[in-house]
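Peer 1: Input structure: data22.txt, which contains compact mmCIF, C-alpha atoms.
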# COMPACT_ATOMS: atom_id res chain seq x y z
CA MET E 579 -4.30 -21.51 26.66
CA LEU E 580 -3.30 -20.52 23.18
CA HIS E 581 -2.62 -16.98 22.17
CA VAL E 582 -4.36 -16.37 18.86
CA GLU E 583 -3.64 -13.62 16.38
CA ILE E 584 -5.46 -13.37 13.08
CA VAL E 585 -3.63 -10.79 11.01
CA THR E 586 -4.52 -9.24 7.65
CA PRO E 587 -2.32 -6.92 5.57
CA SER E 588 -4.30 -3.95 6.87
CA ARG E 589 -4.74 -4.77 10.57
CA ILE E 590 -4.88 -7.33 13.37
CA ALA E 591 -8.39 -8.60 12.81
CA TRP E 592 -8.76 -10.76 15.91
CA THR E 593 -6.62 -11.45 18.92
CA GLY E 594 -7.32 -13.26 22.16
CA GLU E 595 -6.95 -16.45 24.14
CA ALA E 596 -8.39 -19.75 23.04
CA VAL E 597 -8.52 -23.39 24.03
CA GLU E 598 -8.55 -24.72 20.52
CA VAL E 599 -8.24 -23.28 17.04
CA GLN E 600 -9.36 -24.96 13.85
CA VAL E 601 -7.90 -23.63 10.62
CA PRO E 602 -8.66 -24.63 7.02
CA GLY E 603 -5.32 -26.22 6.12
CA ALA E 604 -4.40 -26.99 2.55
CA GLN E 605 -4.50 -30.71 3.36
CA GLY E 606 -7.66 -30.59 5.38
CA GLU E 607 -8.88 -29.16 8.63
CA LEU E 608 -6.12 -28.53 11.20
CA GLY E 609 -6.83 -28.39 14.91
CA ALA E 610 -4.36 -26.75 17.28
CA LEU E 611 -4.40 -27.32 21.02
CA ASP E 612 -2.06 -26.20 23.75
CA GLY E 613 1.47 -27.51 23.25
CA HIS E 614 1.15 -28.23 19.54
CA ALA E 615 4.45 -28.83 17.71
CA MET E 616 5.92 -25.93 15.71
CA LEU E 617 4.16 -26.04 12.39
CA LEU E 618 3.86 -23.87 9.34
CA ALA E 619 0.84 -24.66 7.24
CA VAL E 620 -0.63 -23.29 4.06
CA THR E 621 -4.30 -22.45 4.51
CA HIS E 622 -7.12 -22.08 2.01
CA ALA E 623 -10.10 -19.79 2.00
CA GLY E 624 -12.43 -21.22 4.63
CA VAL E 625 -13.75 -20.97 8.14
CA VAL E 626 -11.60 -20.53 11.24
CA ARG E 627 -13.16 -21.67 14.49
CA VAL E 628 -11.73 -20.29 17.72
CA ARG E 629 -12.96 -22.24 20.75
CA GLN E 630 -12.73 -20.15 23.87
CA ASP E 631 -12.71 -20.99 27.54
CA GLY E 632 -16.23 -21.86 28.68
CA GLY E 633 -17.33 -23.64 25.52
CA GLN E 634 -18.39 -20.75 23.31
CA HIS E 635 -16.71 -20.39 19.98
CA GLU E 636 -16.26 -17.78 17.31
CA ASP E 637 -16.27 -18.45 13.57
CA MET E 638 -14.62 -16.30 10.94
CA VAL E 639 -14.39 -16.55 7.20
CA VAL E 640 -10.79 -16.08 6.07
CA GLY E 641 -9.07 -15.76 2.73
CA PRO E 642 -6.04 -17.84 1.73
CA GLY E 643 -2.81 -17.47 3.70
CA PHE E 644 -0.77 -19.48 6.14
CA ALA E 645 -0.77 -20.43 9.79
CA GLU E 646 2.14 -20.47 12.17
CA ILE E 647 1.39 -22.82 15.01
CA THR E 648 3.68 -22.94 18.05
CA PRO E 649 3.24 -24.50 21.49
CA LEU E 650 2.19 -21.06 22.72
CA GLY E 651 -0.26 -19.96 20.13
CA VAL E 652 -1.45 -19.59 16.60
CA THR E 653 -0.71 -16.75 14.22
CA LEU E 654 -2.80 -16.75 11.11
CA LEU E 655 -1.75 -14.54 8.21
CA VAL E 656 -4.58 -14.24 5.74
CA ASP E 657 -5.55 -11.67 3.16
CA ARG E 658 -9.01 -11.01 4.60
CA VAL E 659 -11.23 -11.81 7.59
CA GLU E 660 -14.98 -11.56 7.99
CA PRO E 661 -16.76 -12.36 11.24
CA ALA E 662 -19.52 -14.95 10.80
CA SER E 663 -22.10 -12.36 11.87
CA ALA E 664 -21.21 -10.19 8.86
CA VAL E 665 -21.81 -12.92 6.30
CA ASP E 666 -24.84 -12.63 4.07
CA LYS E 667 -25.54 -16.10 2.70
CA ALA E 668 -27.93 -14.96 0.00
CA GLN E 669 -25.30 -12.53 -1.24
CA ALA E 670 -22.65 -15.26 -1.05
CA GLN E 671 -24.80 -17.53 -3.23
CA ARG E 672 -25.21 -14.74 -5.80
CA ASP E 673 -21.43 -14.09 -5.71
CA LEU E 674 -20.76 -17.78 -6.24
CA ASP E 675 -23.16 -17.97 -9.19
CA ALA E 676 -21.61 -14.91 -10.77
CA ALA E 677 -18.07 -16.19 -10.24
CA GLU E 678 -18.91 -19.62 -11.65
CA LYS E 679 -20.46 -18.03 -14.70
CA THR E 680 -17.28 -16.04 -15.26
CA LEU E 681 -15.15 -19.15 -14.74
CA ALA E 682 -17.20 -21.05 -17.29
CA HIS E 683 -16.64 -18.61 -20.14
CA SER E 684 -13.22 -17.11 -19.41
CA GLN E 685 -9.85 -18.60 -20.26
CA ASP E 686 -7.70 -20.23 -17.59
CA GLY E 687 -4.96 -18.02 -16.20
CA THR E 688 -6.34 -14.63 -17.20
CA ASP E 689 -6.79 -11.87 -14.63
CA GLU E 690 -10.53 -12.25 -14.89
CA TRP E 691 -10.37 -15.99 -14.34
CA ARG E 692 -8.07 -15.69 -11.31
CA GLU E 693 -10.26 -13.06 -9.72
CA ALA E 694 -13.37 -15.17 -10.29
CA GLU E 695 -11.73 -18.23 -8.77
CA TYR E 696 -10.67 -16.23 -5.74
CA GLN E 697 -14.19 -14.87 -5.31
CA ALA E 698 -15.71 -18.33 -5.79
CA ASP E 699 -13.48 -19.81 -3.06
CA LEU E 700 -14.49 -17.04 -0.69
CA ALA E 701 -18.18 -17.44 -1.49
CA ARG E 702 -17.96 -21.21 -0.86
CA ALA E 703 -16.28 -20.52 2.48
CA ARG E 704 -19.10 -18.13 3.42
CA LEU E 705 -21.73 -20.67 2.42
CA SER E 706 -20.05 -23.43 4.45
CA LEU E 707 -20.68 -21.58 7.72
CA MET W 1215 1.30 52.87 -10.00
CA ALA W 1216 -1.67 50.56 -9.79
CA SER W 1217 -4.91 52.20 -8.83
CA LEU W 1218 -6.37 51.76 -5.36
CA ARG W 1219 -9.17 49.64 -6.65
CA ASP W 1220 -6.77 47.30 -8.49
CA ILE W 1221 -4.74 46.74 -5.34
CA ARG W 1222 -7.85 46.10 -3.28
CA ARG W 1223 -9.01 43.56 -5.82
CA ARG W 1224 -5.66 41.80 -5.75
CA ILE W 1225 -5.65 41.65 -1.97
CA GLY W 1226 -9.11 40.09 -2.10
CA SER W 1227 -8.05 37.43 -4.58
CA VAL W 1228 -4.87 36.53 -2.69
CA LYS W 1229 -6.95 36.20 0.48
CA ASN W 1230 -9.25 33.77 -1.32
CA THR W 1231 -6.28 31.75 -2.49
CA ARG W 1232 -4.88 31.68 1.02
CA GLN W 1233 -8.15 30.35 2.32
CA ILE W 1234 -8.09 27.54 -0.21
CA THR W 1235 -4.49 26.57 0.47
CA ARG W 1236 -5.13 26.65 4.20
CA ALA W 1237 -8.14 24.35 3.82
CA MET W 1238 -6.11 22.00 1.59
CA LYS W 1239 -3.38 21.89 4.19
CA LEU W 1240 -5.85 20.89 6.90
CA VAL W 1241 -7.42 18.21 4.72
CA ALA W 1242 -3.99 16.82 3.80
CA GLY W 1243 -3.07 16.77 7.49
CA ALA W 1244 -6.14 14.70 8.34
CA LYS W 1245 -5.49 12.33 5.44
CA LEU W 1246 -1.85 12.00 6.45
CA ARG W 1247 -2.89 10.88 9.91
CA ARG W 1248 -5.18 8.30 8.41
CA ALA W 1249 -2.45 7.11 6.05
CA THR W 1250 0.19 6.75 8.77
CA ASP W 1251 -2.38 4.94 10.95
CA ALA W 1252 -2.98 2.48 8.14
CA ALA W 1253 0.78 1.97 7.75
CA VAL W 1254 1.19 1.28 11.47
CA LYS W 1255 -1.68 -1.19 11.46
CA ALA W 1256 -0.15 -2.99 8.50
CA ARG W 1257 3.09 -3.61 10.37
CA PRO W 1258 2.24 -6.78 12.38
CA TYR W 1259 1.51 -8.65 9.15
CA GLN W 1260 4.77 -7.60 7.56
CA GLN W 1261 6.79 -8.38 10.66
CA THR W 1262 5.33 -11.84 11.10
CA LEU W 1263 5.81 -12.57 7.43
CA THR W 1264 9.42 -11.36 7.44
CA ARG W 1265 10.20 -13.36 10.56
CA VAL W 1266 8.71 -16.59 9.23
CA LEU W 1267 10.27 -16.13 5.81
CA ALA W 1268 13.71 -15.58 7.32
CA ARG W 1269 13.21 -18.68 9.44
CA VAL W 1270 12.21 -20.77 6.46
CA ALA W 1271 15.07 -19.41 4.37
CA GLN W 1272 17.52 -20.29 7.13
CA SER W 1273 16.36 -23.84 7.60
CA ALA W 1274 15.90 -24.53 3.92
CA GLY W 1275 19.42 -23.48 2.89
CA ASP W 1276 19.87 -23.17 -0.87
CA ILE W 1277 16.42 -22.89 -2.30
CA GLU W 1278 15.31 -23.04 -5.87
CA HIS W 1279 12.10 -21.24 -6.51
CA PRO W 1280 10.77 -19.52 -9.63
CA LEU W 1281 10.23 -16.27 -7.73
CA LEU W 1282 13.88 -16.25 -6.68
CA SER W 1283 15.49 -17.04 -10.03
CA VAL W 1284 15.88 -14.86 -13.10
CA PRO W 1285 13.36 -15.78 -15.81
CA ASP W 1286 14.45 -16.98 -19.22
CA ASN W 1287 14.24 -13.55 -20.84
CA ASP W 1288 16.95 -10.92 -21.25
CA LYS W 1289 15.00 -8.21 -23.01
CA ASP W 1290 11.80 -7.17 -21.31
CA VAL W 1291 11.76 -5.09 -18.16
CA VAL W 1292 8.66 -3.99 -16.28
CA VAL W 1293 8.56 -0.86 -14.17
CA VAL W 1294 5.68 -0.43 -11.73
CA LEU W 1295 5.22 3.29 -11.15
CA MET W 1296 3.18 4.69 -8.28
CA THR W 1297 2.33 8.38 -8.23
CA SER W 1298 -0.58 10.41 -6.97
CA ASP W 1299 -3.72 11.29 -8.90
CA ARG W 1300 -3.66 14.96 -8.00
CA GLY W 1301 -1.11 17.71 -8.12
CA LEU W 1302 -0.47 20.60 -5.75
CA CYS W 1303 1.88 18.52 -3.69
CA GLY W 1304 5.22 20.14 -4.40
CA GLY W 1305 7.84 18.08 -6.21
CA PHE W 1306 6.32 14.79 -5.07
CA ASN W 1307 5.43 13.47 -8.52
CA SER W 1308 7.87 15.40 -10.70
CA GLN W 1309 10.89 14.29 -8.66
CA LEU W 1310 9.86 10.66 -8.87
CA CYS W 1311 9.06 10.87 -12.59
CA LYS W 1312 12.40 12.52 -13.32
CA ARG W 1313 14.38 9.90 -11.43
CA THR W 1314 12.38 7.04 -12.89
CA GLN W 1315 12.82 8.42 -16.40
CA GLU W 1316 16.60 8.47 -15.91
CA GLN W 1317 16.54 4.81 -14.84
CA VAL W 1318 14.22 3.84 -17.69
CA ASP W 1319 16.43 5.66 -20.22
CA THR W 1320 19.48 3.80 -18.92
CA LEU W 1321 17.65 0.50 -19.30
CA ILE W 1322 16.54 1.40 -22.83
CA LYS W 1323 20.08 2.39 -23.73
CA ALA W 1324 21.22 -1.02 -22.52
CA GLY W 1325 18.92 -2.55 -25.13
CA LYS W 1326 16.01 -3.48 -22.88
CA SER W 1327 12.42 -2.96 -23.83
CA VAL W 1328 10.70 -1.25 -20.92
CA LYS W 1329 7.01 -1.36 -20.13
CA ILE W 1330 5.59 0.88 -17.44
CA LEU W 1331 2.63 -0.21 -15.34
CA GLY W 1332 1.13 3.01 -14.07
CA TYR W 1333 -0.79 3.74 -10.89
CA GLY W 1334 -1.94 7.35 -10.45
CA LYS W 1335 -2.69 9.96 -13.13
CA LYS W 1336 0.39 12.10 -12.70
CA GLY W 1337 3.00 9.48 -13.52
CA ILE W 1338 0.93 7.96 -16.31
CA GLY W 1339 0.55 11.39 -17.92
CA HIS W 1340 4.24 12.19 -17.60
CA PHE W 1341 5.40 9.03 -19.39
CA LYS W 1342 2.59 8.91 -21.94
CA ASN W 1343 3.36 12.47 -23.06
CA ARG W 1344 6.97 11.49 -23.62
CA GLY W 1345 6.10 8.49 -25.75
CA TYR W 1346 6.99 5.65 -23.39
CA GLU W 1347 5.05 2.39 -23.36
CA VAL W 1348 2.64 2.81 -20.47
CA GLU W 1349 -0.18 0.56 -19.35
CA THR W 1350 -2.70 2.29 -17.12
CA ILE W 1351 -3.56 -0.08 -14.29
CA ALA W 1352 -5.52 2.22 -11.99
CA ILE W 1353 -6.33 5.89 -11.57
CA ASP W 1354 -8.42 7.66 -8.93
CA ILE W 1355 -7.29 5.10 -6.40
CA ASN W 1356 -9.20 4.82 -3.16
CA PRO W 1357 -7.00 3.78 -0.20
CA ALA W 1358 -9.59 1.11 0.65
CA SER W 1359 -8.73 -0.71 -2.57
CA TYR W 1360 -4.98 -1.04 -1.87
CA PRO W 1361 -5.21 -4.65 -0.65
CA ASP W 1362 -7.12 -5.72 -3.76
CA LEU W 1363 -4.82 -3.79 -6.10
CA ALA W 1364 -1.75 -5.28 -4.44
CA ARG W 1365 -3.20 -8.78 -4.68
CA GLN W 1366 -4.13 -8.39 -8.35
CA LEU W 1367 -0.74 -6.94 -9.32
CA GLY W 1368 1.10 -9.62 -7.33
CA GLU W 1369 -0.82 -12.42 -9.02
CA ARG W 1370 -0.34 -10.93 -12.44
CA LEU W 1371 3.41 -10.51 -11.98
CA VAL W 1372 3.88 -14.03 -10.62
CA ASP W 1373 1.97 -15.37 -13.61
CA GLU W 1374 4.00 -13.37 -16.12
CA LEU W 1375 7.21 -14.39 -14.41
CA GLU W 1376 6.30 -18.05 -14.73
CA GLN W 1377 5.68 -17.46 -18.43
CA HIS W 1378 9.07 -15.72 -18.74
CA LYS W 1379 7.45 -12.52 -19.99
CA PHE W 1380 10.09 -10.29 -18.43
CA GLU W 1381 13.58 -10.35 -16.98
CA LYS W 1382 13.06 -8.08 -14.02
CA VAL W 1383 10.39 -5.97 -12.41
CA TYR W 1384 11.25 -2.70 -10.76
CA LEU W 1385 9.10 -0.70 -8.40
CA ALA W 1386 9.30 3.10 -8.59
CA PHE W 1387 7.61 4.96 -5.75
CA ASN W 1388 8.24 7.62 -3.14
CA GLU W 1389 9.68 6.18 0.04
CA TYR W 1390 8.11 7.77 3.09
CA LYS W 1391 10.93 8.74 5.43
CA SER W 1392 9.09 11.31 7.51
CA ALA W 1393 6.45 13.98 7.11
CA MET W 1394 9.21 16.25 5.83
CA THR W 1395 11.09 13.93 3.47
CA GLN W 1396 10.00 11.52 0.80
CA THR W 1397 12.67 10.12 -1.46
CA PRO W 1398 12.17 8.57 -4.88
CA ALA W 1399 13.04 4.88 -4.81
CA PHE W 1400 13.69 2.44 -7.66
CA LEU W 1401 13.78 -1.08 -6.27
CA GLN W 1402 13.92 -4.52 -7.79
CA LEU W 1403 10.66 -6.30 -7.09
CA LEU W 1404 11.21 -9.52 -9.04
CA PRO W 1405 13.02 -11.84 -8.93
CA MET W 1406 12.89 -11.56 -5.19
CA LYS W 1407 15.94 -11.51 -2.99
CA LEU W 1408 15.65 -13.61 0.12
CA ASP W 1409 17.20 -12.29 3.28
CA ALA W 1410 18.21 -15.15 5.55
CA ALA W 1411 19.10 -12.90 8.50
CA PRO W 1412 16.04 -12.51 10.68
CA ALA W 1413 15.03 -8.95 11.36
CA ALA W 1414 15.33 -7.84 14.97
CA PRO W 1415 11.99 -8.34 16.68
CA GLN W 1416 10.35 -5.01 17.38
CA ALA W 1417 8.08 -3.87 20.14
CA GLY W 1418 4.35 -4.22 19.73
CA PRO W 1419 1.96 -7.14 19.83
CA ALA W 1420 3.60 -9.11 17.02
CA GLY W 1421 7.05 -8.29 18.40
CA GLU W 1422 6.16 -9.75 21.77
CA ALA W 1423 5.22 -13.06 20.27
CA ALA W 1424 8.43 -12.99 18.25
CA GLN W 1425 10.55 -12.42 21.31
CA MET W 1426 8.78 -15.21 23.13
CA LEU W 1427 9.47 -17.50 20.20
CA GLU W 1428 13.12 -16.52 20.03
CA LYS W 1429 13.45 -17.43 23.70
CA LEU W 1430 11.69 -20.68 23.05
CA GLY W 1431 14.04 -21.39 20.18
CA ALA W 1432 17.06 -20.57 22.33
CA ALA W 1433 15.89 -22.92 25.06
CA ASN W 1434 15.28 -25.66 22.56
CA PRO W 1435 17.62 -25.24 19.59
CA SER W 1436 16.20 -28.28 17.87
CA ALA W 1437 12.82 -26.55 17.68
CA GLU W 1438 12.31 -26.64 13.95
CA TYR W 1439 9.14 -26.00 12.08
CA LEU W 1440 7.21 -28.83 10.61
CA TYR W 1441 5.85 -27.96 7.21
CA GLU W 1442 2.48 -28.85 5.88
CA PRO W 1443 2.65 -29.46 2.98
CA GLY W 1444 6.41 -29.45 2.25
CA GLY W 1445 8.84 -26.56 2.62
CA LEU W 1446 8.69 -25.69 -1.06
CA GLU W 1447 4.90 -25.41 -1.06
CA ILE W 1448 5.10 -23.21 2.02
CA LEU W 1449 7.60 -21.05 0.21
CA SER W 1450 5.34 -20.95 -2.83
CA ARG W 1451 2.68 -19.46 -0.61
CA LEU W 1452 4.94 -17.21 1.45
CA LEU W 1453 6.85 -15.57 -1.39
CA PRO W 1454 3.78 -14.26 -3.26
CA MET W 1455 2.43 -13.02 0.06
CA ALA W 1456 5.68 -11.18 0.71
CA LEU W 1457 5.53 -9.75 -2.81
CA LYS W 1458 1.99 -8.46 -2.30
CA THR W 1459 2.92 -7.04 1.06
CA ARG W 1460 5.83 -5.21 -0.55
CA ILE W 1461 3.47 -3.73 -3.14
CA GLN W 1462 0.89 -2.75 -0.57
CA GLN W 1463 3.59 -1.17 1.56
CA ALA W 1464 4.57 0.96 -1.44
CA PHE W 1465 0.93 2.01 -1.89
CA LEU W 1466 0.70 3.05 1.72
CA GLU W 1467 3.96 4.98 1.57
CA THR W 1468 2.85 6.71 -1.62
CA GLN W 1469 -0.41 7.77 0.00
CA ALA W 1470 1.28 8.99 3.19
CA GLY W 1471 4.00 10.73 1.19
CA GLU W 1472 1.52 12.46 -1.11
CA GLN W 1473 -0.44 13.87 1.81
CA ALA W 1474 2.73 14.91 3.66
CA ALA W 1475 4.10 16.61 0.55
CA ARG W 1476 0.81 18.38 -0.05
CA MET W 1477 0.67 19.52 3.55
CA THR W 1478 4.14 21.03 3.32
CA ALA W 1479 3.45 22.62 -0.06
CA MET W 1480 0.17 24.11 1.07
CA ASP W 1481 1.72 25.36 4.31
CA ASN W 1482 4.34 27.21 2.25
CA ALA W 1483 1.69 28.53 -0.08
CA THR W 1484 -0.39 29.81 2.82
CA ARG W 1485 2.64 31.56 4.28
CA ASN W 1486 3.59 33.08 0.94
CA ALA W 1487 0.05 34.34 0.46
CA GLY W 1488 0.25 35.99 3.88
CA GLU W 1489 3.48 37.72 2.95
CA LEU W 1490 2.00 38.87 -0.35
CA ILE W 1491 -1.04 40.25 1.45
CA ASN W 1492 1.22 42.17 3.83
CA SER W 1493 3.25 43.78 1.06
CA LEU W 1494 0.10 44.54 -0.94
CA SER W 1495 -1.52 46.14 2.10
CA LEU W 1496 1.56 48.28 2.54
CA GLU W 1497 1.40 49.33 -1.08
CA TYR W 1498 -2.33 49.99 -0.76
CA ASN W 1499 -1.89 52.19 2.33
CA ARG W 1500 0.94 54.10 0.68
CA ALA W 1501 -1.15 54.73 -2.41
CA ARG W 1502 -4.11 55.77 -0.29
CA GLN W 1503 -1.94 58.19 1.71
CA ALA W 1504 -0.45 59.59 -1.50
CA ALA W 1505 -3.96 60.20 -2.87
CA ILE W 1506 -5.00 61.97 0.33
CA THR W 1507 -1.87 64.14 0.27
CA THR W 1508 -2.44 65.06 -3.36
CA GLU W 1509 -6.05 65.98 -2.65
CA LEU W 1510 -5.07 68.07 0.35
CA THR W 1511 -2.41 69.91 -1.63
CA GLU W 1512 -4.97 70.62 -4.32
CA ILE W 1513 -7.49 71.96 -1.82
CA VAL W 1514 -4.91 74.10 -0.03
CA SER W 1515 -3.45 75.52 -3.23
CA GLY W 1516 -7.01 76.11 -4.52
CA ALA W 1517 -7.87 78.03 -1.35
CA GLU W 1518 -4.65 80.07 -1.60
CA ALA W 1519 -5.39 81.05 -5.17
CA LEU W 1520 -8.63 82.67 -4.10
Represent the structure contained in this file as structure tokens.
Peer 2:
Amino acid sequence: MLHVEIVTPSRIAWTGEAVEVQVPGAQGELGALDGHAMLLAVTHAGVVRVRQDGGQHEDMVVGPGFAEITPLGVTLLVDRVEPASAVDKAQAQRDLDAAEKTLAHSQDGTDEWREAEYQADLARARLSL
Amino acid sequence: MASLRDIRRRIGSVKNTRQITRAMKLVAGAKLRRATDAAVKARPYQQTLTRVLARVAQSAGDIEHPLLSVPDNDKDVVVVLMTSDRGLCGGFNSQLCKRTQEQVDTLIKAGKSVKILGYGKKGIGHFKNRGYEVETIAIDINPASYPDLARQLGERLVDELEQHKFEKVYLAFNEYKSAMTQTPAFLQLLPMKLDAAPAAPQAGPAGEAAQMLEKLGAANPSAEYLYEPGGLEILSRLLPMALKTRIQQAFLETQAGEQAARMTAMDNATRNAGELINSLSLEYNRARQAAITTELTEIVSGAEAL
């Protein structure tokens, strides 16, 4: 069993035991099983899937961060976590449209542009559930 | 001597004031609890981050990273100032502003051009009134927006650093030592200093995992992290995260410190009001007794004259 901790700057958002954890790694989906080699990985905004004993699984939308994978467990440090049940897809689509509109007419590298890109990534993650 | 009615009126008004200060003290106490709770909950993230960062720093040896090296600029200095939005919290803001102003003046004397990024009305007002260059980033800050504010500031600073827009960034805020003491701090935020010595693992959920890992590492000294992507990319992600965490930590300490300072100040005010009421009551009773005595004397002497 893997010990999983999903931690945000304001709290421990999820903790528990799992059989397998899938995290949105920077170079593609990463799956961690029991006894995985020590690994530090950059993660993007996306969906984390925690597969628990008995076949059920829990999905969460996470912001960018990194994952520390050890043979014993997975610690995910991300800047935000939303349980799949809290995601409103219609709202996510509206957020994505708004962010893309901002991206289209604002200059690269400005505060506005960065914020829009961040929001767009999150909205895409929500929609990919 | 003040008339009886004047004294009674004063007692009434001091009692009203005492009621207000007492209510403010209670509110500050509740907010302080919430603020310290938030700080405690934020700890696992910081601890894990510090532990991993120390580990990476150790295994990577001499690292070159933009966030760790001084930008190509020897003139501009940025000071991030965090104060509260409201007063009535003792010397909380004025102490910090005074200390920060001393530091800023020293920097200006050394030929630097200083720009202040202000959070909270009190500090912004202090420096604007004195003609410093202040950019208002946020006022009327809600504690729920700390993560977003920290993220936005972190990203902005990293960007400006990469464009060599400043030499150094300092962070001026009140360090929260305890409910009784908050001390003004003036720390260098950028370029970052990397501490290769791992912090001692502490108790708590994250601490347990850390201890387990330390044991694992001791049993298998060759246990090294694999990096995906490379170590430098990991560092490029970790360092901004550490920077944002540092900023958020300062926000949390400012909030806790403000409430603690207000609680202490309002407790003192409530006590002072009580003392004032006591001495005014004494004066009132004396005056009342004097009036009665005078009246009696008048009546008695009037009766005798008959």
Peer 1: Got a sec: who's within 6 Å of stretch 650-660 of chain E, counting only C-alpha atoms, leaving out chain neighbours fewer than 4 positions off, as a ChimeraX atom specification?
Peer 2: /E:580-586,638-646
Peer 1: Of the candidates W:Asp1251, W:Glu1389, W:Asp1288, W:Asp1220, which shows the shortest atom-to-atom distance to chain E, using all atoms listed in the file?
Peer 2: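 Of W:Asp1251, W:Glu1389, W:Asp1288, W:Asp1220, the one nearest chain E is W:Asp1251, counting all atoms listed in the file.
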Peer 1: Find the residues near stretch 599-614 of chain E: any atom within 7 Å, counting all atoms listed in the file, skip ones fewer than 6 places away on the same chain, and give them as a list in words.
Peer 2: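 Counting all atoms listed in the file, the residues come to Met579, Leu580, Val620, Thr621, His622, Gly624, Val625, Val626, Arg627, Val628, Arg629, Thr648, Pro649 and Leu650 of chain E.
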Peer 1: Hey, list the chain E side of the contact with chain W: 6 Å cut-off, only C-alpha atoms, answer as a list in words.
Peer 2: Val585, Pro587, Ser588, Arg589, Met616, Leu617, Leu618 and Ala619 of chain E
Peer 1: Have a look at atom CA of W:Pro1398 and atom CA of W:Ala1386 and let me know their distance in Å, one decimal.
Peer 2: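 Atom-to-atom, atom CA of W:Pro1398 and atom CA of W:Ala1386 are spaced 7.2 Å apart.
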Peer 1: Within 8 Å of stretch 1337-1349 of chain W, counting only C-alpha atoms, which residues show up once you throw out same-chain ones fewer than 2 positions away? Write them as number ranges by chain, please.
Peer 2: W: 1295-1298, 1307, 1311, 1328-1335, 1351
Peer 1: Between atom CA of W:Gln1315 and atom CA of W:Asp1286, what is the distance in Å, rounded to a tenth?
Peer 2: 25.6 Å
Peer 1: Can you work out the spacing between atom CA of W:Glu1509 and atom CA of W:Glu1497 in Å, to one decimal?
Peer 2: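 Going from atom CA of W:Glu1509 over to atom CA of W:Glu1497 covers 18.3 Å.
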Peer 1: Could you name the residues that touch W:Ala1487 at 8 Å or less, counting all atoms listed in the file, but leaving out those on the same chain fewer than 2 positions away, as a VMD selection string?
Peer 2: chain W and resid 1228 to 1229 1231 to 1232 1483 to 1485 1489 to 1491
Peer 1: Using all atoms listed in the file, pick whichever of W:Thr1350, W:Ala1249, W:Ser1308, W:Thr1314 has the shortest atom-to-atom distance to W:Glu1467.
Peer 2: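 Smallest distance to W:Glu1467 is found for W:Ala1249.
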Peer 1: Ranking E:Pro661, E:Ala677, E:Ala668, E:Tyr696 by minimum distance to E:Ala591 and counting only C-alpha atoms, which one comes first?
Peer 2: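 Among E:Pro661, E:Ala677, E:Ala668, E:Tyr696, it is E:Pro661 that comes nearest to E:Ala591.
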